[in-house]
Each structure stands twice: as C-alpha cells, then as structure tokens.
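Worksheet for the structure shown next.
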Amino acid sequence: MRKITLLISLLSVFGFQAADAQDVKFNALILTERGDQHEGFVKPALEWLSEFSKDQKMYYLVLNHASELDSLTLSDFDVIIQLNYPPYTWSPSGEKAFEQYINEGQGGWVGLHHATLLGEFDGYPMWEWFSDFMGGIRFKNYIAEKATATVYVEDQSHPIFRGIPASFEIPDDEWYVFDKNPRPNVHVLANVDENSYSPPSDIKMGDHPVIWENKSKKARNVYFLMGHDAKLMEVQVFKDLLSNAILWAAGVEK
C-alpha cells in the first residue's frame with residue numbers, strides 16, 4: 001500500500017504511466033537517453049514498454065538524466081531498466097544509491113547496450129564499481145558496421161529464456177568489444193557467434209558473451225549487449241526475452 005500511495009504521488013509529479021493505480025503489480029524506473037545515436041532503438045523500445053506496462057500492470061517512470069535520480073528513493077522501485085543510459089554523468093549520491101540498490105537487493109536491474117560504455121568519456125572517470133558489476137570490463141571497440149548475427153543460449157534453464165529457442169538471430173546491431181572477457185566474473189547466459197556476422201567483421205573478441213548476470217550481487221540483474229537499431233523491436237524473440245527479463249528481475253511471476 002505504501003508503494004501505491006507513493007506512485008500515485010509520483011504520477012502527478014513525474015508522469016508515471018500505467019492503467020489503474022489500484023491494479024498495479026509492480027513498478028519500474030526507466031533511465032534512458034534521448035536524441036543521440038541510440039534514439040532509433042530507444043523510441044520503439046519505450047513504445048513497447050508502454051504497451052507492456054498495460055498488459056503487465058506495471059507503473060513506470062522515465063528519466064532522461066541521471067541527476068534526476070537524486071530526488072528519488074530507489075528502493076521504491078521493483079526494477080530499474082537502464083535503457084541505453086551510460087554509466088557516467090551520475091552524481092556521487094546517485095551512484096551510491098544505485099550501488100546500495102544492487103548490493104542489497106532492494107530491487108532488480110535490466111541493462112541494455114549503452115549501459116556498458118565503461119571508460120573515460122566526456123571528461124568523466126570510469127565508475128569502477130559499475131565496471132566490476134559488469135565483470136571487470138572496459139569498453140574497447142565495436143564492429144565497424146552494424147551486423148546481423150546469431151545468438152546462442154548457454155543456460156536454457158534460466159527464467160529469462162522461458163519459451164525462447166536455443167538460438168536466434170539479431171538484425172543490424174552494434175556489437176561491443178571489451179578489453180577482457182567478463183566470463184570469469186559473471187554467469188554468461190548467451191553468446192554471439194562472431195562468424196555469423198553479416199556483413200563480416202575483423203573486429204572480434206573470440207568468446208563473446210552478450211547476455212549475462214552477476215550472481216555476486218543480491219539484486220536480480222541481467223545485461224543485454226544488444227540494443228542499437230530500431231529493427232530489434234520488430235524481433236518477437238527479443239521482445240519475449242526482454243519481457244521475461246523484466247518480470248524476473250522485478251520478482252514477478254509471468
């Protein structure tokens with residue numbers, strides 16, 4: 001009841017969106033950038049999340065700047081969806097609150113694509129805790145062109161893969177390459193076959209995880225490397241996978 005009361009208040013202040021406050025099943029905080037090179041994916045992803053929220057009775061709040069986190073209590077959210085928002089420009093208090101949220105399991109987390117742009121960018125230092133959270137990695141490169149590729153599931157028993165085939169194709173995405181493989185520090189859930197890139201690319205990692213979770217954290221968490229092109233939100237398998245991931249991270253049974 002406390003969360004519902006809070007959400008009704010936030011609805012008037014921030015523009016929370018969903019159907020009926022009394023029917024809410026869970027609530028989500030969506031942190032995303034608008035207007036940059038990822039707008040092509042972000043716009044249809046937000047449109048899909050709007051429909052998803054109605055179907056799943058999810059209240060959600062969209063923030064476009066990490067500084068806005070400072071006015072919120074993150075533990076009031078069942079899941080944080082980091083929709084292509086990078087791990088910098090956050091205030092020290094915002095970083096601390098997020099670390100506490102993940103370390104203490106105050107809710108769940110789903111990260112996509114740009115959430116692993118780890119390094120020194122735009123004059124900001126690398127967020128070391130976030131790098132460790134993602135497996136101790138640093139962004140190194142990405143394939144020269146967007147490429148269609150085949151993803152292979154490694155842990156079919158994981159709840160996010162309910163109803164998902166053992167392999168599936170992702171169209172025209174931007175595949176990040178890191179300075180090291182996160183596999184020793186995380187539980188890899190799926191990898192991309194770099195030999196399936198179309199068009200081919202010489203920029204490769206070898207063993208290339210693309211979906212993983214960090215089991216050392218109390219929060220349910222999952223990261224998706226994919227999330228650059230609008231075509232992704234036309235892929236039913238990916239939409240089913242994202243739906244499963246949000247519900248699982250939020251602790252909601254489908």
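Simple scheme: letters A, B, ... for chains in structure tokens order, numbers from 1 for residues in each chain, numbers from 1 for ligands in the order shown.
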
Among stretch 13-166 of chain A, which ones does DSSP place in alpha helix (DSSP H), written as a PyMOL selection string?
-> chain A and resi 13-14+39-56+92-103+128-133

What's the 7 Å shell around stretch 134-147 of chain A, counting only C-alpha atoms, without same-chain residues fewer than 3 positions away, as a ChimeraX atom specification?
-> /A:116-119,130-131,171-180,182,185-186,197-199,201,203

Contacts of A:Ile160 at 12 Å (only C-alpha atoms; same-chain gap of 5+ positions) as a short mmCIF file (atom, residue, chain, number, x, y, z; two decimals) with N, CA and C atoms, in the first residue's frame:
```cif
data_model
loop_
_atom_site.label_atom_id
_atom_site.label_comp_id
_atom_site.auth_asym_id
_atom_site.auth_seq_id
_atom_site.Cartn_x
_atom_site.Cartn_y
_atom_site.Cartn_z
N VAL A 110 17.71 -4.45 -15.16
CA VAL A 110 17.89 -4.91 -16.53
C VAL A 110 18.63 -3.81 -17.27
N VAL A 153 22.02 -19.47 -26.79
CA VAL A 153 21.72 -19.53 -25.35
C VAL A 153 22.64 -20.55 -24.70
N GLU A 154 23.22 -20.19 -23.55
CA GLU A 154 24.10 -21.09 -22.82
C GLU A 154 23.42 -21.74 -21.62
N ASP A 155 22.45 -21.06 -21.03
CA ASP A 155 21.76 -21.59 -19.86
C ASP A 155 20.25 -21.55 -20.11
N PRO A 165 13.93 -19.95 -28.08
CA PRO A 165 14.69 -21.03 -28.72
C PRO A 165 16.16 -21.01 -28.32
N LEU A 189 24.93 -16.04 -19.95
CA LEU A 189 23.67 -16.68 -20.32
C LEU A 189 23.56 -16.92 -21.82
N ALA A 190 24.26 -16.11 -22.62
CA ALA A 190 24.23 -16.29 -24.07
C ALA A 190 25.45 -15.63 -24.70
N ILE A 211 24.78 -11.81 -23.17
CA ILE A 211 23.78 -11.70 -22.10
C ILE A 211 24.40 -12.35 -20.87
N TRP A 212 24.37 -11.64 -19.74
CA TRP A 212 24.92 -12.23 -18.52
C TRP A 212 24.32 -11.63 -17.27
N GLU A 213 24.56 -12.29 -16.14
CA GLU A 213 24.14 -11.80 -14.83
C GLU A 213 25.32 -11.89 -13.87
N ARG A 220 18.53 -9.27 -8.40
CA ARG A 220 18.44 -9.99 -9.67
C ARG A 220 18.85 -9.01 -10.76
N ASN A 221 19.77 -9.41 -11.60
CA ASN A 221 20.26 -8.49 -12.62
C ASN A 221 20.59 -9.24 -13.90
N VAL A 222 20.39 -8.57 -15.02
CA VAL A 222 20.75 -9.16 -16.31
C VAL A 222 21.10 -8.04 -17.28
N TYR A 223 22.16 -8.27 -18.06
CA TYR A 223 22.61 -7.28 -19.04
C TYR A 223 22.49 -7.86 -20.44
N PHE A 224 21.98 -7.03 -21.38
CA PHE A 224 21.90 -7.38 -22.80
C PHE A 224 22.83 -6.47 -23.60
N VAL A 237 11.22 -12.69 -30.71
CA VAL A 237 12.02 -13.43 -29.73
C VAL A 237 12.67 -12.47 -28.75
N PHE A 238 13.21 -11.35 -29.26
CA PHE A 238 13.84 -10.40 -28.36
C PHE A 238 12.81 -9.75 -27.43
N LYS A 239 11.65 -9.41 -27.96
CA LYS A 239 10.61 -8.82 -27.12
C LYS A 239 10.16 -9.80 -26.04
N ASP A 240 10.05 -11.07 -26.38
CA ASP A 240 9.70 -12.08 -25.38
C ASP A 240 10.80 -12.20 -24.33
N LEU A 241 12.04 -12.14 -24.79
CA LEU A 241 13.18 -12.23 -23.88
C LEU A 241 13.23 -11.04 -22.93
N LEU A 242 13.01 -9.86 -23.47
CA LEU A 242 13.02 -8.65 -22.64
C LEU A 242 11.87 -8.67 -21.64
N SER A 243 10.72 -9.13 -22.08
CA SER A 243 9.57 -9.27 -21.18
C SER A 243 9.89 -10.22 -20.03
N ASN A 244 10.44 -11.38 -20.36
CA ASN A 244 10.83 -12.35 -19.34
C ASN A 244 11.82 -11.75 -18.36
N ALA A 245 12.79 -11.01 -18.89
CA ALA A 245 13.86 -10.45 -18.07
C ALA A 245 13.31 -9.40 -17.09
N ILE A 246 12.43 -8.54 -17.55
CA ILE A 246 11.87 -7.51 -16.68
C ILE A 246 11.05 -8.13 -15.55
N LEU A 247 10.21 -9.09 -15.90
CA LEU A 247 9.37 -9.75 -14.90
C LEU A 247 10.22 -10.52 -13.90
N TRP A 248 11.24 -11.21 -14.39
CA TRP A 248 12.13 -11.96 -13.50
C TRP A 248 12.89 -11.02 -12.57
N ALA A 249 13.46 -9.96 -13.12
CA ALA A 249 14.24 -9.03 -12.30
C ALA A 249 13.37 -8.35 -11.25
N ALA A 250 12.12 -8.08 -11.61
CA ALA A 250 11.19 -7.43 -10.69
C ALA A 250 10.61 -8.43 -9.66
N GLY A 251 10.89 -9.71 -9.85
CA GLY A 251 10.36 -10.72 -8.93
C GLY A 251 8.89 -10.99 -9.14
N VAL A 252 8.43 -10.83 -10.39
CA VAL A 252 7.02 -11.03 -10.72
C VAL A 252 6.87 -12.29 -11.55
N GLU A 253 5.94 -13.14 -11.18
CA GLU A 253 5.68 -14.36 -11.94
C GLU A 253 4.90 -14.00 -13.20
N LYS A 254 5.26 -14.61 -14.31
CA LYS A 254 4.57 -14.34 -15.57
C LYS A 254 3.29 -15.14 -15.62
#
```

Would you kindly return, as a PyMOL selection string, each protein, DNA or RNA residue with an atom no farther than 10 Å from any atom of A:Leu31, considering only C-alpha atoms and excluding same-chain residues fewer than 5 positions away?
-> chain A and resi 61-66+68-69+80-86+111

Pick from A:Gln156, A:Glu234, A:Asp70, A:Thr148 nearest to A:Val192, counting only C-alpha atoms = A:Thr148

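For the pair atom CA of A:Gln236 and atom CA of A:Pro44, the separation is 13.2 Å.
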
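Straight-line separation from atom CA of A:Pro125 to atom CA of A:Pro87: 10.0 Å.
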
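A straight line drawn from atom CA of A:Ser75 to atom CA of A:Leu112 is 20.7 Å long.
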
Please provide as an MDAnalysis selection string all residues within 9 Å of A:Gln106, with the sequence filter that same-chain residues fewer than 6 positions apart are discarded (counting only C-alpha atoms).
-> chainID A and resid 74:79 100 218:219

Write out the residues from the selection above, keeping C-alpha atoms, as a short mmCIF file (atom, residue, chain, number, x, y, z; two decimals), in the first residue's frame.
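Contents of part_9.cif, as written:
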```
data_model
loop_
_atom_site.label_atom_id
_atom_site.label_comp_id
_atom_site.auth_asym_id
_atom_site.auth_seq_id
_atom_site.Cartn_x
_atom_site.Cartn_y
_atom_site.Cartn_z
CA LEU A 74 15.36 3.78 -5.46
CA SER A 75 14.08 1.12 -3.08
CA ASP A 76 10.55 2.23 -4.03
CA PHE A 77 11.07 0.60 -7.43
CA ASP A 78 10.87 -3.13 -8.06
CA VAL A 79 13.13 -2.92 -11.09
CA GLN A 100 23.24 0.13 -2.48
CA LYS A 218 21.82 -9.65 -4.15
CA ALA A 219 19.72 -7.89 -6.79
#
```

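In terms of minimum interatomic distance to A:Trp109, A:Ala28 ranks closest within A:Leu49, A:Ala28, A:Val42, A:Val151, counting only C-alpha atoms.
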
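Between A:Glu47 and the candidates A:Ala230, A:Glu169, A:Asp132, A:Gly35, the tightest atom-to-atom separation, counting only C-alpha atoms, involves A:Ala230.
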
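The nearest approach to A:Gly107 among the residues A:His228, A:His187, A:Lys217, A:Arg162, with only C-alpha atoms taken into account, belongs to A:Lys217.
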
Please, which residues of stretch 43-132 of chain A, numbered as in this document, come out strand (DSSP E or B) from DSSP, as a ChimeraX atom specification?
-> /A:58-63,79-83,108-112,121,124

Nearest to A:Lys54, restricted to only C-alpha atoms and choosing among A:Tyr152, A:Phe26, A:Phe161, A:Phe41, comes out as A:Phe26
